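Text of the file upload.csv, holding CSV, N, CA and C atoms and all ligand atoms:
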```
chain,number,residue,atom,x,y,z
P,190,MET,N,0.8,-1.2,0.0
P,190,MET,CA,0.0,0.0,0.0
P,190,MET,C,0.9,1.3,0.0
P,191,PRO,N,1.7,1.3,-1.0
P,191,PRO,CA,2.6,2.5,-1.0
P,191,PRO,C,1.8,3.8,-1.2
P,192,ALA,N,0.7,3.8,-2.0
P,192,ALA,CA,0.0,5.0,-2.3
P,192,ALA,C,-0.7,5.6,-1.0
P,193,THR,N,-1.3,4.6,-0.2
P,193,THR,CA,-1.9,5.0,1.0
P,193,THR,C,-0.9,5.6,2.0
P,194,GLY,N,0.2,4.8,2.0
P,194,GLY,CA,1.3,5.2,3.0
P,194,GLY,C,1.7,6.6,2.6
P,195,GLY,N,1.8,6.8,1.3
P,195,GLY,CA,2.3,8.2,0.9
P,195,GLY,C,1.3,9.3,1.4
P,196,THR,N,0.1,9.0,1.2
P,196,THR,CA,-0.9,10.1,1.6
P,196,THR,C,-0.9,10.3,3.1
P,197,CYS,N,-0.6,9.2,3.9
P,197,CYS,CA,-0.6,9.3,5.3
P,197,CYS,C,0.6,10.0,5.8
P,198,VAL,N,1.7,9.8,5.2
P,198,VAL,CA,3.0,10.4,5.6
P,198,VAL,C,3.0,11.9,5.3
P,199,ALA,N,2.4,12.3,4.2
P,199,ALA,CA,2.5,13.7,3.8
P,199,ALA,C,1.8,14.6,4.9
P,200,PRO,N,0.5,14.3,5.3
P,200,PRO,CA,-0.1,15.2,6.3
P,200,PRO,C,0.7,15.2,7.6
P,201,ASN,N,1.2,14.0,8.0
P,201,ASN,CA,1.9,14.0,9.3
P,201,ASN,C,3.2,14.9,9.2
P,202,THR,N,3.8,14.8,8.1
P,202,THR,CA,5.0,15.7,8.0
P,202,THR,C,4.7,17.2,8.1
P,203,ALA,N,3.5,17.5,7.4
P,203,ALA,CA,3.1,18.9,7.5
P,203,ALA,C,2.8,19.3,8.9
P,204,VAL,N,2.1,18.4,9.6
P,204,VAL,CA,1.8,18.7,11.0
P,204,VAL,C,3.0,18.9,11.8
P,205,THR,N,4.0,17.9,11.6
P,205,THR,CA,5.3,18.0,12.3
P,205,THR,C,5.9,19.4,12.0
P,206,ARG,N,5.9,19.7,10.8
P,206,ARG,CA,6.6,21.0,10.4
P,206,ARG,C,5.9,22.2,11.1
P,207,THR,N,4.6,22.2,11.1
P,207,THR,CA,3.8,23.2,11.8
P,207,THR,C,4.2,23.3,13.3
P,208,ILE,N,4.3,22.2,13.9
P,208,ILE,CA,4.6,22.2,15.3
P,208,ILE,C,6.0,22.7,15.5
P,209,LEU,N,6.9,22.2,14.7
P,209,LEU,CA,8.3,22.7,14.8
P,209,LEU,C,8.4,24.2,14.6
P,210,ALA,N,7.7,24.7,13.6
P,210,ALA,CA,7.7,26.1,13.3
P,210,ALA,C,7.2,26.9,14.5
P,211,ALA,N,6.1,26.4,15.1
P,211,ALA,CA,5.5,27.1,16.2
P,211,ALA,C,6.5,27.1,17.4
P,212,ALA,N,7.2,26.0,17.6
P,212,ALA,CA,8.1,25.9,18.7
P,212,ALA,C,9.3,26.8,18.5
P,213,VAL,N,9.7,26.9,17.2
P,213,VAL,CA,10.8,27.9,16.9
P,213,VAL,C,10.4,29.3,17.2
P,214,LEU,N,9.1,29.6,16.8
P,214,LEU,CA,8.6,30.9,16.9
P,214,LEU,C,8.5,31.3,18.4
P,215,VAL,N,7.9,30.4,19.2
P,215,VAL,CA,7.8,30.6,20.6
P,215,VAL,C,9.2,30.8,21.3
P,216,GLY,N,10.1,30.0,20.8
P,216,GLY,CA,11.5,30.1,21.3
P,216,GLY,C,12.0,31.4,21.0
P,217,ALA,N,11.8,31.9,19.8
P,217,ALA,CA,12.4,33.2,19.4
P,217,ALA,C,11.7,34.3,20.2
P,218,LEU,N,10.4,34.2,20.5
P,218,LEU,CA,9.7,35.3,21.2
P,218,LEU,C,10.1,35.3,22.7
P,219,SER,N,10.6,34.2,23.2
P,219,SER,CA,10.9,34.2,24.6
P,219,SER,C,12.3,34.7,24.9
P,220,VAL,N,13.1,34.9,23.9
P,220,VAL,CA,14.5,35.4,24.1
P,220,VAL,C,14.4,36.9,24.3
P,221,VAL,N,15.0,37.3,25.4
P,221,VAL,CA,15.1,38.8,25.6
P,221,VAL,C,16.3,39.3,24.9
P,222,HIS,N,16.0,40.2,24.0
P,222,HIS,CA,17.1,40.8,23.3
P,222,HIS,C,17.7,42.0,24.0
P,223,VAL,N,19.0,41.9,24.2
P,223,VAL,CA,19.7,43.0,24.9
P,223,VAL,C,20.7,43.7,23.9
P,224,ASP,N,20.6,45.0,23.8
P,224,ASP,CA,21.5,45.7,22.9
P,224,ASP,C,22.9,45.5,23.4
P,225,PRO,N,23.9,45.6,22.5
P,225,PRO,CA,25.3,45.5,22.9
P,225,PRO,C,25.6,46.8,23.8
P,226,PRO,N,26.5,46.7,24.7
P,226,PRO,CA,26.8,47.9,25.6
P,226,PRO,C,27.0,49.1,24.8
P,227,ALA,N,26.4,50.2,25.2
P,227,ALA,CA,26.4,51.5,24.5
P,227,ALA,C,27.7,52.2,24.9
P,228,GLU,N,28.3,52.8,23.8
P,228,GLU,CA,29.5,53.6,24.1
P,228,GLU,C,29.1,55.0,23.9
P,229,THR,N,29.3,55.8,25.0
P,229,THR,CA,29.0,57.2,24.9
P,229,THR,C,30.3,58.0,24.8
P,230,ARG,N,30.3,59.0,23.9
P,230,ARG,CA,31.5,59.9,23.8
P,230,ARG,C,31.0,61.3,24.1
P,231,VAL,N,31.8,62.0,24.9
P,231,VAL,CA,31.4,63.4,25.2
P,231,VAL,C,32.7,64.2,25.4
P,232,THR,N,32.6,65.4,24.9
P,232,THR,CA,33.7,66.4,25.1
P,232,THR,C,33.2,67.3,26.2
P,233,LEU,N,34.0,67.4,27.3
P,233,LEU,CA,33.7,68.2,28.4
P,233,LEU,C,34.6,69.4,28.4
P,234,VAL,N,34.1,70.6,28.2
P,234,VAL,CA,35.0,71.8,28.1
P,234,VAL,C,35.1,72.4,29.5
P,235,ALA,N,36.3,72.5,30.0
P,235,ALA,CA,36.5,73.2,31.3
P,235,ALA,C,37.0,74.6,31.1
P,236,THR,N,36.4,75.5,31.8
P,236,THR,CA,36.9,76.9,31.8
P,236,THR,C,37.1,77.2,33.3
P,237,ASP,N,37.5,78.5,33.6
P,237,ASP,CA,37.6,78.9,35.0
P,237,ASP,C,36.3,79.6,35.4
P,238,TYR,N,35.4,79.1,36.1
P,238,TYR,CA,35.3,77.8,36.7
P,238,TYR,C,34.0,77.1,36.4
P,239,ALA,N,33.9,76.5,35.3
P,239,ALA,CA,32.7,75.8,34.9
P,239,ALA,C,33.0,74.7,33.9
P,240,PHE,N,32.1,73.7,33.8
P,240,PHE,CA,32.1,72.7,32.8
P,240,PHE,C,31.0,72.9,31.8
P,241,SER,N,31.2,72.5,30.6
P,241,SER,CA,30.1,72.5,29.6
P,241,SER,C,30.3,71.3,28.8
P,242,PRO,N,29.2,70.5,28.6
P,242,PRO,CA,27.9,70.6,29.2
P,242,PRO,C,27.9,70.3,30.7
P,243,THR,N,26.8,70.7,31.4
P,243,THR,CA,26.7,70.4,32.8
P,243,THR,C,25.9,69.1,33.1
P,244,GLU,N,25.5,68.5,32.0
P,244,GLU,CA,24.8,67.2,32.2
P,244,GLU,C,25.4,66.2,31.2
P,245,ILE,N,25.8,65.0,31.7
P,245,ILE,CA,26.3,63.9,30.9
P,245,ILE,C,25.4,62.7,31.0
P,246,HIS,N,25.0,62.1,29.9
P,246,HIS,CA,24.2,60.9,30.0
P,246,HIS,C,25.1,59.7,29.5
P,247,ALA,N,25.0,58.6,30.1
P,247,ALA,CA,25.6,57.3,29.7
P,247,ALA,C,24.8,56.2,30.1
P,248,VAL,N,25.1,55.0,29.6
P,248,VAL,CA,24.3,53.8,29.8
P,248,VAL,C,25.0,52.8,30.7
P,249,ALA,N,24.3,52.3,31.8
P,249,ALA,CA,24.9,51.3,32.6
P,249,ALA,C,25.3,50.1,31.8
P,250,GLY,N,26.5,49.6,32.1
P,250,GLY,CA,27.0,48.4,31.3
P,250,GLY,C,27.7,48.8,30.1
P,251,GLY,N,27.7,50.1,29.7
P,251,GLY,CA,28.4,50.6,28.6
P,251,GLY,C,29.7,51.3,29.0
P,252,SER,N,30.2,52.0,28.1
P,252,SER,CA,31.4,52.8,28.4
P,252,SER,C,31.2,54.2,28.1
P,253,LEU,N,32.0,55.0,28.8
P,253,LEU,CA,31.9,56.5,28.6
P,253,LEU,C,33.3,57.1,28.3
P,254,ALA,N,33.5,57.6,27.1
P,254,ALA,CA,34.7,58.2,26.7
P,254,ALA,C,34.6,59.7,26.9
P,255,ILE,N,35.4,60.3,27.8
P,255,ILE,CA,35.4,61.7,28.0
P,255,ILE,C,36.6,62.4,27.5
P,256,THR,N,36.5,63.4,26.7
P,256,THR,CA,37.6,64.2,26.3
P,256,THR,C,37.5,65.5,27.2
P,257,LEU,N,38.5,65.7,28.0
P,257,LEU,CA,38.5,66.9,28.9
P,257,LEU,C,39.3,67.9,28.2
P,258,ASP,N,38.6,69.0,27.7
P,258,ASP,CA,39.2,70.0,26.9
P,258,ASP,C,39.3,71.3,27.8
P,259,ASN,N,40.5,71.5,28.3
P,259,ASN,CA,40.7,72.6,29.2
P,259,ASN,C,41.0,74.0,28.5
P,260,ARG,N,40.0,74.8,28.4
P,260,ARG,CA,40.1,76.1,27.8
P,260,ARG,C,40.3,77.2,28.8
P,261,GLY,N,40.5,76.8,30.0
P,261,GLY,CA,40.7,77.9,31.1
P,261,GLY,C,42.2,78.2,31.2
P,262,ALA,N,42.5,79.1,32.2
P,262,ALA,CA,43.9,79.5,32.4
P,262,ALA,C,44.5,78.7,33.5
P,263,HIS,N,43.8,77.8,34.2
P,263,HIS,CA,44.3,77.0,35.3
P,263,HIS,C,44.1,75.5,34.9
P,264,THR,N,44.9,74.7,35.6
P,264,THR,CA,44.8,73.3,35.5
P,264,THR,C,43.5,72.8,36.1
P,265,HIS,N,42.8,71.9,35.4
P,265,HIS,CA,41.6,71.3,35.9
P,265,HIS,C,41.6,69.8,35.8
P,266,GLY,N,40.7,69.2,36.6
P,266,GLY,CA,40.6,67.7,36.6
P,266,GLY,C,39.2,67.3,36.6
P,267,LEU,N,39.0,66.1,36.9
P,267,LEU,CA,37.6,65.6,36.9
P,267,LEU,C,37.5,64.3,37.7
P,268,ARG,N,36.4,64.3,38.5
P,268,ARG,CA,36.1,63.0,39.2
P,268,ARG,C,34.6,62.7,38.9
P,269,LEU,N,34.3,61.4,38.7
P,269,LEU,CA,33.0,60.9,38.5
P,269,LEU,C,32.5,60.3,39.8
P,270,VAL,N,31.3,60.7,40.3
P,270,VAL,CA,30.8,60.0,41.4
P,270,VAL,C,29.8,59.0,40.9
P,271,LEU,N,30.1,57.7,41.1
P,271,LEU,CA,29.3,56.6,40.6
P,271,LEU,C,28.6,55.8,41.7
P,272,SER,N,27.8,54.8,41.4
P,272,SER,CA,27.1,54.1,42.4
P,272,SER,C,28.0,53.4,43.4
P,273,TYR,N,29.2,53.0,43.0
P,273,TYR,CA,30.1,52.3,43.9
P,273,TYR,C,31.2,53.2,44.4
P,274,GLY,N,31.2,54.4,44.1
P,274,GLY,CA,32.3,55.3,44.6
P,274,GLY,C,32.8,56.3,43.6
P,275,GLU,N,33.8,57.0,43.9
P,275,GLU,CA,34.3,58.1,43.1
P,275,GLU,C,35.4,57.5,42.2
P,276,VAL,N,35.4,57.9,40.9
P,276,VAL,CA,36.4,57.5,40.0
P,276,VAL,C,37.1,58.7,39.4
P,277,PRO,N,38.4,58.9,39.6
P,277,PRO,CA,39.1,60.0,39.1
P,277,PRO,C,39.5,59.9,37.6
P,278,PHE,N,39.4,61.0,36.9
P,278,PHE,CA,40.1,61.1,35.6
P,278,PHE,C,41.6,60.9,36.0
P,279,PRO,N,42.3,60.1,35.2
P,279,PRO,CA,43.6,59.7,35.6
P,279,PRO,C,44.6,60.8,35.8
P,280,GLN,N,44.4,61.9,35.1
P,280,GLN,CA,45.3,63.0,35.2
P,280,GLN,C,44.6,64.4,35.1
P,281,ASN,N,45.2,65.4,35.8
P,281,ASN,CA,44.7,66.7,35.6
P,281,ASN,C,45.2,67.2,34.3
P,282,VAL,N,44.4,68.2,33.7
P,282,VAL,CA,44.7,68.6,32.3
P,282,VAL,C,45.2,70.1,32.4
P,283,PRO,N,46.4,70.4,31.9
P,283,PRO,CA,46.9,71.8,31.9
P,283,PRO,C,46.1,72.6,31.0
P,284,PRO,N,46.2,74.0,31.1
P,284,PRO,CA,45.5,74.9,30.3
P,284,PRO,C,45.8,74.6,28.8
P,285,GLY,N,44.8,74.7,27.9
P,285,GLY,CA,45.1,74.5,26.5
P,285,GLY,C,45.3,73.1,26.0
P,286,GLN,N,45.1,72.1,26.9
P,286,GLN,CA,45.3,70.7,26.5
P,286,GLN,C,44.0,70.0,26.6
P,287,LYS,N,44.0,68.9,25.8
P,287,LYS,CA,42.8,67.9,25.8
P,287,LYS,C,43.3,66.6,26.1
P,288,VAL,N,42.6,65.8,26.9
P,288,VAL,CA,43.0,64.5,27.2
P,288,VAL,C,41.7,63.6,27.2
P,289,THR,N,41.8,62.5,26.6
P,289,THR,CA,40.6,61.6,26.5
P,289,THR,C,40.8,60.3,27.3
P,290,GLU,N,39.9,60.0,28.1
P,290,GLU,CA,39.9,58.7,28.9
P,290,GLU,C,38.6,58.0,28.8
P,291,VAL,N,38.7,56.7,28.8
P,291,VAL,CA,37.5,55.8,28.7
P,291,VAL,C,37.2,55.2,30.0
P,292,PHE,N,36.0,55.4,30.5
P,292,PHE,CA,35.5,54.7,31.7
P,292,PHE,C,34.7,53.5,31.3
P,293,ASN,N,35.1,52.3,31.7
P,293,ASN,CA,34.4,51.1,31.3
P,293,ASN,C,33.4,50.6,32.4
P,294,ASP,N,33.6,51.0,33.6
P,294,ASP,CA,32.7,50.5,34.7
P,294,ASP,C,31.9,51.7,35.2
P,295,LEU,N,30.7,51.8,34.7
P,295,LEU,CA,29.8,53.0,35.1
P,295,LEU,C,28.9,52.6,36.3
P,296,GLY,N,29.0,51.4,36.8
P,296,GLY,CA,28.2,51.0,37.9
P,296,GLY,C,26.7,50.9,37.6
P,297,SER,N,25.9,51.1,38.6
P,297,SER,CA,24.4,51.0,38.4
P,297,SER,C,23.8,52.3,37.9
P,298,SER,N,22.6,52.2,37.4
P,298,SER,CA,22.0,53.4,36.9
P,298,SER,C,21.6,54.3,38.0
P,299,GLY,N,21.4,55.5,37.7
P,299,GLY,CA,21.0,56.5,38.7
P,299,GLY,C,21.5,57.9,38.3
P,300,ARG,N,21.2,58.8,39.2
P,300,ARG,CA,21.6,60.2,39.0
P,300,ARG,C,22.7,60.6,39.9
P,301,PHE,N,23.9,60.9,39.3
P,301,PHE,CA,25.1,61.2,40.1
P,301,PHE,C,25.7,62.5,39.7
P,302,ARG,N,26.9,62.7,40.1
P,302,ARG,CA,27.5,64.0,39.8
P,302,ARG,C,29.0,63.9,39.3
P,303,PHE,N,29.5,64.9,38.7
P,303,PHE,CA,30.9,65.0,38.4
P,303,PHE,C,31.4,66.3,38.9
P,304,TYR,N,32.7,66.4,39.2
P,304,TYR,CA,33.2,67.7,39.6
P,304,TYR,C,34.7,67.8,39.4
P,305,CYS,N,35.3,69.0,39.5
P,305,CYS,CA,36.7,69.2,39.4
P,305,CYS,C,37.3,69.1,40.8
P,306,PRO,N,38.3,68.2,41.0
P,306,PRO,CA,38.8,68.0,42.4
P,306,PRO,C,40.0,69.0,42.7
P,307,VAL,N,40.3,69.9,41.8
P,307,VAL,CA,41.4,70.8,42.0
P,307,VAL,C,41.0,71.9,42.9
P,308,GLU,N,41.8,72.1,44.0
P,308,GLU,CA,41.5,73.2,45.0
P,308,GLU,C,40.0,73.3,45.3
P,309,ASP,N,39.5,74.5,45.3
P,309,ASP,CA,38.0,74.6,45.6
P,309,ASP,C,37.2,74.8,44.4
P,310,ASP,N,37.6,74.3,43.2
P,310,ASP,CA,36.9,74.5,42.0
P,310,ASP,C,35.5,74.0,42.0
P,311,ASP,N,35.3,72.9,42.7
P,311,ASP,CA,33.9,72.4,42.9
P,311,ASP,C,33.0,73.4,43.5
P,312,ALA,N,33.4,74.0,44.5
P,312,ALA,CA,32.6,75.1,45.2
P,312,ALA,C,32.5,76.3,44.3
P,313,ARG,N,33.4,76.5,43.4
P,313,ARG,CA,33.3,77.7,42.5
P,313,ARG,C,32.4,77.4,41.4
P,314,GLY,N,31.9,76.2,41.2
P,314,GLY,CA,30.9,75.9,40.2
P,314,GLY,C,31.3,74.8,39.2
P,315,MET,N,32.5,74.2,39.4
P,315,MET,CA,33.0,73.2,38.4
P,315,MET,C,32.4,71.8,38.8
P,316,HIS,N,31.1,71.7,38.4
P,316,HIS,CA,30.5,70.4,38.7
P,316,HIS,C,29.3,70.2,37.7
P,317,GLY,N,28.8,69.0,37.7
P,317,GLY,CA,27.6,68.8,36.8
P,317,GLY,C,26.9,67.5,37.2
P,318,THR,N,25.9,67.2,36.5
P,318,THR,CA,25.1,66.0,36.7
P,318,THR,C,25.4,64.9,35.8
P,319,LEU,N,25.6,63.7,36.3
P,319,LEU,CA,25.9,62.5,35.5
P,319,LEU,C,24.8,61.5,35.7
P,320,ILE,N,24.1,61.3,34.5
P,320,ILE,CA,22.9,60.4,34.6
P,320,ILE,C,23.3,59.1,33.9
P,321,ILE,N,23.3,58.0,34.7
P,321,ILE,CA,23.6,56.7,34.1
P,321,ILE,C,22.2,56.0,33.9
P,322,GLU,N,21.9,55.8,32.7
P,322,GLU,CA,20.6,55.2,32.3
P,322,GLU,C,20.7,53.6,32.4
P,323,ALA,N,19.6,53.0,32.7
P,323,ALA,CA,19.6,51.5,32.7
P,323,ALA,C,19.7,51.1,31.2
P,324,ALA,N,20.4,49.9,31.1
P,324,ALA,CA,20.6,49.4,29.7
P,324,ALA,C,19.2,49.0,29.2
P,325,LYS,N,19.0,49.3,27.9
P,325,LYS,CA,17.6,49.0,27.3
P,325,LYS,C,17.5,47.6,26.9
P,326,THR,N,16.3,47.0,27.1
P,326,THR,CA,16.0,45.7,26.6
P,326,THR,C,14.8,45.8,25.7
P,327,LYS,N,14.7,44.9,24.8
P,327,LYS,CA,13.5,44.9,23.9
P,327,LYS,C,13.1,43.5,23.5
P,401,CU,CU,39.0,73.0,38.0
```

Once you've parsed the file, please lay out its structure as structure tokens.
Amino acid sequence: MPATGGTCVAPNTAVTRTILAAAVLVGALSVVHVDPPAETRVTLVATDYAFSPTEIHAVAGGSLAITLDNRGAHTHGLRLVLSYGEVPFPQNVPPGQKVTEVFNDLGSSGRFRFYCPVEDDDARGMHGTLIIEAAKTK
């Protein structure tokens, strides 16, 4: 009974394919897609005695590349206050110079601050808000 067998096999195969397709689809939908870590680049201009911009946004789990561009007449530096503590810019920047550093551990999301640790520059106005946003999922 090859003809009957053939007609029996074909629907079964189709049903199997449908079940497999549905399983694959369900599997695909249940996977949480996470974007690769975001890299944020910002140029922070330092003058005597302010930073511009005064607000920096970055993404938790990503990296933050900061170019500190000192256009003031005095040496300036930078410290980031993050969820786990303060992280210094590795060097102070002399007047007229630019230095870029990359911060790879931004800690948890939240609203933090950054400031210039040189003398009393923070009190003179050299500070800003650092917003670490939660990594996006979709
Ligand atoms: Cu300063």

Site check for ligand CU 401 (chain P): residues at most 6.5 Å away, all atoms listed in the file, as a ChimeraX atom specification: /P:238,263-266,305-307,310-311,315

Calculate how many Å separate CA of Gly317 in chain P from atom C of His246 in chain P, rounding to one decimal.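 Between CA of Gly317 in chain P and atom C of His246 in chain P the gap works out to 11.9 Å.
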
Record the distance separating atom C of Asn259 in chain P and CA of Thr229 in chain P, expressed in Å with one decimal. 21.0 Å

Counting only C-alpha atoms, find the residues whose atoms lie at most 10 Å from (46.8, 63.1, 34.1) (file coordinates) and write them out as a list in words.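 Every polymer residue passing the test: His265, Gly266, Leu267, Pro277, Phe278, Pro279, Gln280, Asn281, Val282, Pro283, Val288, Thr289 and Glu290 of chain P.
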
Rank nothing, just name the residue among P:Ile321, P:Ser272, P:Gly314, P:Arg300 nearest to Thr236 in chain P, using only C-alpha atoms.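 Using only C-alpha atoms, the shortest distance to Thr236 in chain P belongs to P:Gly314.
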
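For the choices P:Ala262, P:Leu257, P:Val270, P:Val291, the atom-to-atom distance to Leu319 in chain P is smallest for P:Val270 when using all atoms listed in the file.
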
When you count all atoms listed in the file, which of these residues is closest to Lys325 in chain P: P:Phe240, P:Leu269, P:Ala227, P:Thr232? P:Ala227

Taking 3 positions as the minimum chain separation for residues in the same chain, which residues sit within 8 Å of Arg313 in chain P when counting only N, CA and C atoms? Answer as a PyMOL selection string. chain P and resi 237-239+308-310+316

Considering all atoms listed in the file, state which residue in the set P:Arg268, P:Tyr304, P:Thr256, P:Glu244 is at the smallest distance from Gln286 in chain P.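 For Gln286 in chain P, the nearest of the given residues is P:Thr256.
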
Hey, what does DSSP flag as strand (DSSP E or B) within range 232-293 of chain P? Can you give it to me as a count of residues only? 37

For Arg260 in chain P, which residue among P:Ala312, P:Val234, P:Leu295, P:Ile320 is the nearest when counting all atoms listed in the file?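 Of P:Ala312, P:Val234, P:Leu295, P:Ile320, the one nearest Arg260 in chain P, counting all atoms listed in the file, is P:Val234.
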
How many Å separate atom N of Tyr273 in chain P from atom C of Ser297 in chain P? 7.5 Å

Rank nothing, just name the residue among P:Val231, P:Asn293, P:Gly250, P:Ser241 nearest to Ala324 in chain P, using all atoms listed in the file.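 Of all the options, P:Gly250 lies closest to Ala324 in chain P.
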
Around the point (26.2, 66.6, 41.4) in the file's coordinates, collect all residues with an atom within 5 Å, using only N, CA and C atoms, and return them as an mmCIF file with N, CA and C atoms, keeping the file's coordinate frame.
```cif
data_model
loop_
_atom_site.group_PDB
_atom_site.id
_atom_site.type_symbol
_atom_site.label_atom_id
_atom_site.label_comp_id
_atom_site.auth_asym_id
_atom_site.auth_seq_id
_atom_site.Cartn_x
_atom_site.Cartn_y
_atom_site.Cartn_z
ATOM 1 N N PHE P 301 23.900 60.900 39.300
ATOM 2 C CA PHE P 301 25.100 61.200 40.100
ATOM 3 C C PHE P 301 25.700 62.500 39.700
ATOM 4 N N ARG P 302 26.900 62.700 40.100
ATOM 5 C CA ARG P 302 27.500 64.000 39.800
ATOM 6 C C ARG P 302 29.000 63.900 39.300
ATOM 7 N N PHE P 303 29.500 64.900 38.700
ATOM 8 C CA PHE P 303 30.900 65.000 38.400
ATOM 9 C C PHE P 303 31.400 66.300 38.900
ATOM 10 N N GLY P 317 28.800 69.000 37.700
ATOM 11 C CA GLY P 317 27.600 68.800 36.800
ATOM 12 C C GLY P 317 26.900 67.500 37.200
ATOM 13 N N THR P 318 25.900 67.200 36.500
ATOM 14 C CA THR P 318 25.100 66.000 36.700
ATOM 15 C C THR P 318 25.400 64.900 35.800
#
```
